[in-house]
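Trainee: Contents of target35.txt (compact mmCIF, C-alpha atoms):
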```
# COMPACT_ATOMS: atom_id res chain seq x y z
CA MET A 1265 1.42 8.90 31.25
CA PRO A 1266 2.24 8.20 27.62
CA LYS A 1267 4.11 5.01 28.47
CA ILE A 1268 1.49 2.52 27.35
CA ASP A 1269 0.25 0.11 30.01
CA LEU A 1270 0.34 -2.88 27.69
CA ASP A 1271 -1.22 -5.25 30.22
CA SER A 1272 -4.28 -3.01 30.47
CA ILE A 1273 -5.12 -3.53 26.78
CA GLU A 1274 -6.83 -6.82 26.00
CA GLN A 1275 -5.00 -9.23 23.73
CA THR A 1276 -7.13 -11.16 21.28
CA ASN A 1277 -6.59 -13.93 18.77
CA ARG A 1278 -9.83 -13.04 17.00
CA THR A 1279 -9.78 -13.08 13.21
CA GLY A 1280 -12.35 -12.43 10.54
CA TYR A 1281 -10.80 -14.94 8.12
CA PRO A 1282 -13.26 -17.55 6.90
CA PRO A 1283 -12.32 -21.18 7.55
CA PRO A 1284 -9.94 -22.80 6.78
CA PHE A 1285 -7.87 -19.62 6.43
CA ASP A 1286 -8.34 -18.77 10.10
CA ALA A 1287 -6.48 -21.79 11.50
CA PRO A 1288 -2.87 -20.60 10.91
CA VAL A 1289 -3.51 -17.36 12.84
CA ALA A 1290 -5.08 -18.97 15.91
CA GLY A 1291 -1.78 -18.44 17.73
CA ARG A 1292 -1.57 -14.73 16.82
CA TRP A 1293 -2.35 -12.64 19.89
CA GLN A 1294 -2.55 -8.92 19.31
CA ARG A 1295 -3.54 -5.71 21.01
CA PRO A 1296 -4.32 -2.33 19.44
CA LEU A 1297 -2.05 0.48 20.64
CA ALA A 1298 -3.11 3.58 18.69
CA ALA A 1299 -6.78 4.08 19.58
CA PRO A 1300 -6.32 3.27 23.31
CA SER A 1301 -3.54 5.89 23.36
CA GLY A 1302 -5.46 8.61 21.53
CA LEU A 1303 -3.49 8.33 18.28
CA THR A 1304 -5.42 8.86 15.05
CA ASP A 1305 -2.75 9.55 12.38
CA PHE A 1306 -1.78 5.89 11.94
CA GLY A 1307 -2.59 2.47 13.36
CA VAL A 1308 -0.30 0.43 15.62
CA ARG A 1309 -0.60 -3.10 16.95
CA GLN A 1310 1.61 -5.17 19.23
CA VAL A 1311 1.54 -8.78 18.05
CA THR A 1312 2.73 -11.94 19.79
CA LEU A 1313 3.07 -15.06 17.67
CA LYS A 1314 3.06 -18.37 19.49
CA PRO A 1315 5.34 -21.07 18.06
CA GLY A 1316 3.93 -22.12 14.70
CA ALA A 1317 1.59 -19.16 14.33
CA TRP A 1318 1.32 -16.97 11.24
CA SER A 1319 0.94 -13.19 11.41
CA SER A 1320 -1.71 -13.37 8.66
CA GLN A 1321 -2.37 -15.02 5.37
CA ARG A 1322 0.26 -13.74 2.93
CA HIS A 1323 -1.23 -10.43 1.81
CA TRP A 1324 -0.68 -6.93 0.55
CA HIS A 1325 -2.55 -3.63 0.93
CA ASP A 1326 -3.49 -1.56 -2.10
CA GLY A 1327 -3.77 1.72 -0.18
CA GLU A 1328 -1.86 1.39 3.09
CA ASP A 1329 1.85 1.41 3.88
CA GLU A 1330 3.01 -1.03 6.55
CA PHE A 1331 6.08 -1.04 8.79
CA LEU A 1332 7.23 -3.65 11.30
CA VAL A 1333 9.91 -3.81 13.96
CA MET A 1334 10.71 -7.10 15.67
CA VAL A 1335 10.93 -6.58 19.42
CA ALA A 1336 11.65 -10.06 20.81
CA GLY A 1337 12.25 -13.53 19.44
CA GLU A 1338 12.35 -14.28 15.76
CA ALA A 1339 10.14 -15.12 12.82
CA VAL A 1340 10.50 -15.88 9.13
CA LEU A 1341 9.25 -13.27 6.68
CA VAL A 1342 7.84 -14.88 3.53
CA GLU A 1343 7.44 -12.91 0.30
CA ASP A 1344 7.51 -13.63 -3.43
CA GLU A 1345 11.32 -13.53 -3.33
CA GLY A 1346 11.60 -16.09 -0.55
CA ARG A 1347 12.29 -16.30 3.15
CA THR A 1348 14.11 -13.85 5.44
CA LEU A 1349 14.74 -14.34 9.15
CA LEU A 1350 13.76 -11.34 11.32
CA ARG A 1351 15.30 -11.02 14.77
CA ALA A 1352 14.85 -8.43 17.54
CA GLY A 1353 15.77 -5.02 16.18
CA ASP A 1354 15.16 -5.94 12.55
CA CYS A 1355 12.73 -3.76 10.61
CA ALA A 1356 10.67 -4.36 7.47
CA ALA A 1357 8.63 -2.02 5.29
CA TRP A 1358 5.90 -2.78 2.76
CA PRO A 1359 4.86 0.10 0.56
CA LYS A 1360 1.23 -0.03 -0.52
CA GLY A 1361 0.15 -1.56 -3.79
CA THR A 1362 3.10 -3.78 -4.69
CA GLY A 1363 1.04 -6.94 -5.11
CA ASN A 1364 3.88 -8.80 -3.39
CA GLY A 1365 2.31 -10.53 -0.42
CA HIS A 1366 4.06 -10.91 2.92
CA HIS A 1367 3.55 -12.59 6.24
CA LEU A 1368 5.60 -13.79 9.19
CA ILE A 1369 5.74 -17.34 10.50
CA ASN A 1370 7.10 -18.14 13.92
CA GLU A 1371 9.10 -21.28 13.23
CA SER A 1372 10.94 -21.04 16.56
CA ALA A 1373 10.11 -22.76 19.84
CA ALA A 1374 9.46 -19.47 21.70
CA ASP A 1375 7.02 -16.61 21.36
CA CYS A 1376 8.04 -13.68 19.20
CA VAL A 1377 6.77 -10.12 19.57
CA PHE A 1378 6.64 -7.36 16.99
CA VAL A 1379 5.06 -3.94 16.56
CA VAL A 1380 3.39 -3.15 13.26
CA VAL A 1381 2.29 0.27 11.98
CA GLY A 1382 -0.19 0.97 9.20
CA GLY A 1383 -1.09 4.22 7.49
CA GLY A 1384 -3.05 5.45 4.51
CA ILE A 1385 -6.57 4.51 3.47
CA CYS A 1386 -7.98 1.02 3.11
CA THR A 1387 -8.81 0.52 -0.56
CA GLY A 1388 -8.61 -3.26 -0.40
CA GLY A 1389 -5.86 -5.74 -1.08
CA GLY A 1390 -5.14 -9.33 -1.86
CA TYR A 1391 -3.73 -12.64 -0.73
CA SER A 1392 -0.91 -14.39 -2.55
CA ASP A 1393 -1.54 -18.03 -1.77
CA ILE A 1394 -5.32 -18.41 -1.43
CA ASP A 1395 -8.42 -17.52 -3.43
CA MET A 1396 -9.30 -14.40 -1.46
CA LEU A 1397 -9.31 -10.60 -1.66
CA PHE A 1398 -10.34 -7.97 0.86
CA THR A 1399 -12.35 -4.93 -0.12
CA ALA A 1400 -12.41 -1.30 0.96
CA GLU A 1401 -15.69 -2.10 2.71
CA GLY A 1402 -14.13 -4.78 4.92
CA LYS A 1403 -15.49 -7.81 3.09
CA TYR A 1404 -13.69 -10.95 1.96
CA THR A 1405 -14.35 -12.25 -1.54
CA ARG A 1406 -12.98 -14.85 -3.87
CA LYS A 1407 -10.94 -13.52 -6.76
CA ASP A 1408 -14.01 -13.83 -9.00
CA GLY A 1409 -15.83 -11.44 -6.64
CA THR A 1410 -18.16 -13.92 -4.95
CA PRO A 1411 -18.26 -13.18 -1.23
CA TYR A 1412 -17.17 -15.25 1.71
CA ASP A 1413 -19.51 -15.27 4.68
CA ALA A 1414 -17.02 -13.36 6.82
CA VAL A 1415 -16.28 -9.83 8.00
CA ARG A 1416 -12.73 -8.48 8.09
CA ARG A 1417 -11.54 -7.44 11.55
CA MET B 730 13.40 -7.37 -0.01
CA PRO B 731 11.33 -5.42 2.49
CA LYS B 732 13.61 -6.36 5.38
CA ILE B 733 15.39 -3.04 5.74
CA ASP B 734 19.16 -3.14 5.35
CA LEU B 735 19.76 -0.82 8.29
CA ASP B 736 23.51 -0.63 7.74
CA SER B 737 22.94 0.72 4.23
CA ILE B 738 21.18 3.83 5.56
CA GLU B 739 23.47 6.52 6.87
CA GLN B 740 23.22 7.39 10.55
CA THR B 741 23.60 11.04 11.44
CA ASN B 742 23.80 13.09 14.59
CA ARG B 743 22.91 16.25 12.69
CA THR B 744 20.50 18.66 14.34
CA GLY B 745 19.05 21.99 13.40
CA TYR B 746 18.82 23.17 17.01
CA PRO B 747 20.59 26.46 17.60
CA PRO B 748 23.33 26.49 20.24
CA PRO B 749 23.31 25.76 23.13
CA PHE B 750 20.24 23.56 22.59
CA ASP B 751 22.15 21.30 20.19
CA ALA B 752 24.67 20.00 22.73
CA PRO B 753 22.43 17.44 24.54
CA VAL B 754 21.53 15.70 21.27
CA ALA B 755 25.11 15.35 19.99
CA GLY B 756 24.98 11.68 21.03
CA ARG B 757 21.72 10.99 19.18
CA TRP B 758 22.42 8.97 16.05
CA GLN B 759 19.45 8.38 13.80
CA ARG B 760 18.54 7.03 10.39
CA PRO B 761 15.36 7.57 8.40
CA LEU B 762 13.49 4.37 7.58
CA ALA B 763 10.33 5.44 5.74
CA ALA B 764 11.58 7.30 2.68
CA PRO B 765 14.43 4.86 1.92
CA SER B 766 11.84 2.06 2.02
CA GLY B 767 9.26 3.79 -0.18
CA LEU B 768 6.80 4.55 2.64
CA THR B 769 4.88 7.82 2.42
CA ASP B 770 1.92 7.43 4.81
CA PHE B 771 3.97 8.10 7.96
CA GLY B 772 7.54 8.80 9.03
CA VAL B 773 9.81 6.34 10.85
CA ARG B 774 13.26 6.76 12.35
CA GLN B 775 15.58 4.35 14.13
CA VAL B 776 17.39 6.23 16.88
CA THR B 777 20.44 5.22 18.93
CA LEU B 778 21.19 7.26 22.03
CA LYS B 779 24.71 7.10 23.35
CA PRO B 780 25.08 7.20 27.15
CA GLY B 781 24.08 10.66 28.32
CA ALA B 782 22.36 11.67 25.08
CA TRP B 783 18.89 13.16 24.81
CA SER B 784 16.41 12.21 22.09
CA SER B 785 15.52 15.90 21.66
CA GLN B 786 14.75 18.95 23.66
CA ARG B 787 11.54 18.25 25.58
CA HIS B 788 8.88 19.04 22.97
CA TRP B 789 5.41 18.41 21.63
CA HIS B 790 3.84 18.52 18.16
CA ASP B 791 0.66 20.49 17.52
CA GLY B 792 -0.34 18.49 14.44
CA GLU B 793 1.47 15.15 14.51
CA ASP B 794 0.93 12.01 16.56
CA GLU B 795 4.06 10.20 17.74
CA PHE B 796 4.65 6.60 18.78
CA LEU B 797 7.80 4.96 20.13
CA VAL B 798 8.89 1.41 20.84
CA MET B 799 12.10 0.73 22.74
CA VAL B 800 14.09 -1.96 20.97
CA ALA B 801 17.26 -2.33 23.05
CA GLY B 802 18.69 -0.85 26.22
CA GLU B 803 16.82 1.65 28.33
CA ALA B 804 16.12 5.36 28.67
CA VAL B 805 14.19 7.67 30.95
CA LEU B 806 11.10 9.34 29.50
CA VAL B 807 10.60 12.83 30.94
CA GLU B 808 7.22 14.59 30.80
CA ASP B 809 5.31 17.13 32.86
CA GLU B 810 4.24 14.33 35.23
CA GLY B 811 7.78 13.14 35.85
CA ARG B 812 10.13 10.33 34.87
CA THR B 813 9.35 6.84 33.53
CA LEU B 814 11.92 4.19 32.69
CA LEU B 815 11.46 2.62 29.25
CA ARG B 816 13.02 -0.78 28.56
CA ALA B 817 13.09 -3.00 25.48
CA GLY B 818 9.54 -3.81 24.47
CA ASP B 819 8.02 -0.78 26.18
CA CYS B 820 5.90 1.53 24.05
CA ALA B 821 4.87 5.16 24.42
CA ALA B 822 2.37 7.31 22.53
CA TRP B 823 2.05 11.08 22.30
CA PRO B 824 -1.14 12.37 20.73
CA LYS B 825 -0.73 15.67 18.93
CA GLY B 826 -1.45 18.97 20.59
CA THR B 827 -1.26 18.12 24.28
CA GLY B 828 1.27 20.81 25.13
CA ASN B 829 2.93 18.25 27.43
CA GLY B 830 6.52 17.98 26.26
CA HIS B 831 8.44 14.71 26.22
CA HIS B 832 11.92 13.47 25.58
CA LEU B 833 14.11 10.49 26.41
CA ILE B 834 17.43 10.62 28.22
CA ASN B 835 19.84 7.70 28.17
CA GLU B 836 21.06 7.65 31.75
CA SER B 837 22.53 4.17 31.38
CA ALA B 838 26.10 3.18 30.55
CA ALA B 839 25.14 1.48 27.27
CA ASP B 840 23.57 2.57 24.00
CA CYS B 841 19.81 2.35 23.72
CA VAL B 842 17.87 1.93 20.46
CA PHE B 843 14.28 2.85 19.72
CA VAL B 844 12.02 3.23 16.70
CA VAL B 845 9.78 6.30 16.50
CA VAL B 846 6.84 6.86 14.17
CA GLY B 847 5.24 10.19 13.29
CA GLY B 848 2.09 10.96 11.34
CA GLY B 849 -0.17 13.86 10.55
CA ILE B 850 0.81 17.32 9.33
CA CYS B 851 3.46 19.60 10.79
CA THR B 852 1.67 22.66 12.12
CA GLY B 853 4.40 23.56 14.57
CA GLY B 854 4.97 22.78 18.22
CA GLY B 855 6.82 23.83 21.30
CA TYR B 856 9.50 23.11 23.85
CA SER B 857 8.77 22.77 27.54
CA ASP B 858 12.05 23.82 29.12
CA ILE B 859 13.59 26.41 26.79
CA ASP B 860 12.56 29.62 25.05
CA MET B 861 11.84 28.04 21.67
CA LEU B 862 9.02 27.06 19.34
CA PHE B 863 9.06 25.40 15.92
CA THR B 864 6.82 26.53 13.12
CA ALA B 865 4.95 24.81 10.31
CA GLU B 866 7.58 26.27 7.96
CA GLY B 867 10.47 24.56 9.73
CA LYS B 868 11.81 27.61 11.57
CA TYR B 869 12.82 27.97 15.19
CA THR B 870 11.66 31.06 17.07
CA ARG B 871 11.63 32.33 20.59
CA LYS B 872 8.23 32.32 22.29
CA ASP B 873 7.87 36.02 21.45
CA GLY B 874 8.21 35.12 17.76
CA THR B 875 11.72 36.42 17.13
CA PRO B 876 13.63 33.92 15.00
CA TYR B 877 16.70 31.89 15.79
CA ASP B 878 19.29 31.66 13.04
CA ALA B 879 18.61 27.97 12.52
CA VAL B 880 16.65 25.62 10.26
CA ARG B 881 14.76 22.65 11.65
CA ARG B 882 15.91 19.28 10.29
```
Could you show the structure in this file as structure tokens?
Mentor:
Amino acid sequence: MPKIDLDSIEQTNRTGYPPPFDAPVAGRWQRPLAAPSGLTDFGVRQVTLKPGAWSSQRHWHDGEDEFLVMVAGEAVLVEDEGRTLLRAGDCAAWPKGTGNGHHLINESAADCVFVVVGGGICTGGGYSDIDMLFTAEGKYTRKDGTPYDAVRR
Amino acid sequence: MPKIDLDSIEQTNRTGYPPPFDAPVAGRWQRPLAAPSGLTDFGVRQVTLKPGAWSSQRHWHDGEDEFLVMVAGEAVLVEDEGRTLLRAGDCAAWPKGTGNGHHLINESAADCVFVVVGGGICTGGGYSDIDMLFTAEGKYTRKDGTPYDAVRR
């Protein structure tokens, strides 16, 4: 049945970020939804942020559009322009290649849950607040191109 | 700001379905979210179903994956296998080309809201319960190929 049995898909808080950039996402628990459902035209993840957790380092994608809908709880969206509270039902969209990084921080005392969709082709991207880029090949480097000992997941 | 100002995007209950197939979707109010936000890698709509409304005639896509997350309220998903209740937070996925039609019916007394994502390329598709197909060119025909006087929207 196309209703997705969410509990049957493992949640993980795994990240490929090199330390110390991994610490803020330790409370990000996510499960893939597209591949387990047979979808190939775009990617989808369900993400739960524990109180205090970040969705990611503040980042953008050079070649992939992103869309998010908040499903439960609330989180603060941080971008170059500032902070915006997202509550259940709120939606956000990040066209590829803006260079304006974004991430969500759960500043509440309860879990929040969102669904995020990604499309396009990974051609790399960057991080707004730290000395890191990601490449089309799934590697992390400093902005001068020297690699981190880490693999993007 | 990438938080989408939902109220700024017009909701419409327009449909291209020829009569009498248009009547069940008269209470389906939707707004596009991708194009107004500058997203091009996939399509996204926010859909509100009034009590009694259908999301569509029961259909499938030959060339486009679909994904749905229920945001508020509840609706019944109908497919070849039967009926499944979808509540806020539930997700459903329909890989392209299954020939197993799906739609949602709001059998509750309150509005329900969901977000639906579509990707891939429109190569046509079909309807499970009525004598209709849709074509890659955006036309509606009977299953014998004779056209309806209607344009798919």
Trainee: Please identify all residues of chain A having at least one atom at most 7 Å from any atom of chain B, considering all atoms listed in the file, and return them as a list in words.
Mentor: Pro1266, Lys1267, Ile1268, Ser1301, Gly1302, Leu1303, Asp1305, Phe1306, Asp1329, Val1335, Gly1353, Cys1355, Ala1356, Ala1357, Trp1358, Pro1359, Gly1383 and Gly1384 of chain A
Trainee: I want to know what sits within 12 Å of Gly1409 in chain A, based on all atoms listed in the file, with residues of the same chain fewer than 5 positions away left out; could you give that as an mmCIF file with C-alpha atoms, in the frame of the given file?
Mentor:
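After the write, around09.cif holds the following:
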```cif
data_model
loop_
_atom_site.group_PDB
_atom_site.id
_atom_site.type_symbol
_atom_site.label_atom_id
_atom_site.label_comp_id
_atom_site.auth_asym_id
_atom_site.auth_seq_id
_atom_site.Cartn_x
_atom_site.Cartn_y
_atom_site.Cartn_z
ATOM 1 C CA GLY A 1390 -5.140 -9.330 -1.860
ATOM 2 C CA ASP A 1395 -8.420 -17.520 -3.430
ATOM 3 C CA MET A 1396 -9.300 -14.400 -1.460
ATOM 4 C CA LEU A 1397 -9.310 -10.600 -1.660
ATOM 5 C CA PHE A 1398 -10.340 -7.970 0.860
ATOM 6 C CA THR A 1399 -12.350 -4.930 -0.120
ATOM 7 C CA LYS A 1403 -15.490 -7.810 3.090
ATOM 8 C CA TYR A 1404 -13.690 -10.950 1.960
#
```
Trainee: Just give me the gap between CA of Asp873 in chain B and CA of Arg743 in chain B in Å, one decimal is fine.
Mentor: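 Between CA of Asp873 in chain B and CA of Arg743 in chain B the gap is 26.3 Å.
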Trainee: So, with all atoms listed in the file as the atoms that count, which of A:Glu1401, A:Leu1368, A:Pro1296, A:Val1289 lies closest to Gln1275 in chain A?
Mentor: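 Of A:Glu1401, A:Leu1368, A:Pro1296, A:Val1289, the one nearest Gln1275 in chain A, counting all atoms listed in the file, is A:Pro1296.
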Trainee: For each of A:Ala1400, A:Val1340, A:Ala1299, A:Ala1287, take the minimum atom-to-atom distance to Asn1370 in chain A, counting only C-alpha atoms, then give the residue where this is smallest.
Mentor: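 Closest residue, counting only C-alpha atoms: A:Val1340.
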Trainee: Need the shell around Lys1314 in chain A: protein/DNA/RNA residues with any atom at most 12 Å away, counting all atoms listed in the file. Skip same-chain ones fewer than 5 positions apart. Format as an MDAnalysis selection string?
Mentor: chainID A and resid 1277 1288:1294 1319 1337:1339 1368:1378
Trainee: Fix up range 798-821 of chain B with N, CA and C atoms, then write it as a JSON list (two decimals), in the frame of the given file.
Mentor:
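Written output follows (part-v4.json):
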```json
[["chain", "number", "residue", "atom", "x", "y", "z"],
["B", 798, "VAL", "N", 8.66, 2.71, 20.21],
["B", 798, "VAL", "CA", 8.89, 1.41, 20.84],
["B", 798, "VAL", "C", 10.38, 1.27, 21.11],
["B", 799, "MET", "N", 10.71, 0.93, 22.36],
["B", 799, "MET", "CA", 12.10, 0.73, 22.74],
["B", 799, "MET", "C", 12.52, -0.66, 22.26],
["B", 800, "VAL", "N", 13.64, -0.71, 21.59],
["B", 800, "VAL", "CA", 14.09, -1.96, 20.97],
["B", 800, "VAL", "C", 15.23, -2.60, 21.76],
["B", 801, "ALA", "N", 16.12, -1.79, 22.31],
["B", 801, "ALA", "CA", 17.26, -2.33, 23.05],
["B", 801, "ALA", "C", 17.72, -1.29, 24.06],
["B", 802, "GLY", "N", 18.21, -1.76, 25.21],
["B", 802, "GLY", "CA", 18.69, -0.85, 26.22],
["B", 802, "GLY", "C", 17.55, -0.16, 26.94],
["B", 803, "GLU", "N", 17.84, 0.97, 27.56],
["B", 803, "GLU", "CA", 16.82, 1.65, 28.33],
["B", 803, "GLU", "C", 17.08, 3.15, 28.35],
["B", 804, "ALA", "N", 16.01, 3.90, 28.56],
["B", 804, "ALA", "CA", 16.12, 5.36, 28.67],
["B", 804, "ALA", "C", 14.99, 5.85, 29.57],
["B", 805, "VAL", "N", 15.18, 7.06, 30.07],
["B", 805, "VAL", "CA", 14.19, 7.67, 30.95],
["B", 805, "VAL", "C", 13.35, 8.64, 30.12],
["B", 806, "LEU", "N", 12.05, 8.43, 30.13],
["B", 806, "LEU", "CA", 11.10, 9.34, 29.50],
["B", 806, "LEU", "C", 10.76, 10.44, 30.50],
["B", 807, "VAL", "N", 10.91, 11.69, 30.06],
["B", 807, "VAL", "CA", 10.60, 12.83, 30.94],
["B", 807, "VAL", "C", 9.41, 13.59, 30.35],
["B", 808, "GLU", "N", 8.42, 13.83, 31.17],
["B", 808, "GLU", "CA", 7.22, 14.59, 30.80],
["B", 808, "GLU", "C", 6.84, 15.49, 31.95],
["B", 809, "ASP", "N", 5.76, 16.26, 31.78],
["B", 809, "ASP", "CA", 5.31, 17.13, 32.86],
["B", 809, "ASP", "C", 5.08, 16.36, 34.16],
["B", 810, "GLU", "N", 4.59, 15.10, 34.03],
["B", 810, "GLU", "CA", 4.24, 14.33, 35.23],
["B", 810, "GLU", "C", 5.45, 13.74, 35.91],
["B", 811, "GLY", "N", 6.60, 13.70, 35.23],
["B", 811, "GLY", "CA", 7.78, 13.14, 35.85],
["B", 811, "GLY", "C", 8.53, 12.18, 34.95],
["B", 812, "ARG", "N", 9.19, 11.22, 35.56],
["B", 812, "ARG", "CA", 10.13, 10.33, 34.87],
["B", 812, "ARG", "C", 9.59, 8.90, 34.83],
["B", 813, "THR", "N", 9.79, 8.23, 33.70],
["B", 813, "THR", "CA", 9.35, 6.84, 33.53],
["B", 813, "THR", "C", 10.45, 6.10, 32.80],
["B", 814, "LEU", "N", 10.89, 4.97, 33.36],
["B", 814, "LEU", "CA", 11.92, 4.19, 32.69],
["B", 814, "LEU", "C", 11.29, 3.36, 31.56],
["B", 815, "LEU", "N", 11.89, 3.42, 30.39],
["B", 815, "LEU", "CA", 11.46, 2.62, 29.25],
["B", 815, "LEU", "C", 12.53, 1.58, 28.93],
["B", 816, "ARG", "N", 12.11, 0.32, 28.89],
["B", 816, "ARG", "CA", 13.02, -0.78, 28.56],
["B", 816, "ARG", "C", 12.58, -1.45, 27.27],
["B", 817, "ALA", "N", 13.41, -2.33, 26.75],
["B", 817, "ALA", "CA", 13.09, -3.00, 25.48],
["B", 817, "ALA", "C", 11.69, -3.62, 25.54],
["B", 818, "GLY", "N", 10.91, -3.33, 24.54],
["B", 818, "GLY", "CA", 9.54, -3.81, 24.47],
["B", 818, "GLY", "C", 8.52, -2.80, 24.94],
["B", 819, "ASP", "N", 8.95, -1.81, 25.73],
["B", 819, "ASP", "CA", 8.02, -0.78, 26.18],
["B", 819, "ASP", "C", 7.65, 0.15, 25.03],
["B", 820, "CYS", "N", 6.42, 0.64, 25.08],
["B", 820, "CYS", "CA", 5.90, 1.53, 24.05],
["B", 820, "CYS", "C", 5.37, 2.81, 24.69],
["B", 821, "ALA", "N", 5.41, 3.89, 23.94],
["B", 821, "ALA", "CA", 4.87, 5.16, 24.42],
["B", 821, "ALA", "C", 4.18, 5.85, 23.25]]
```
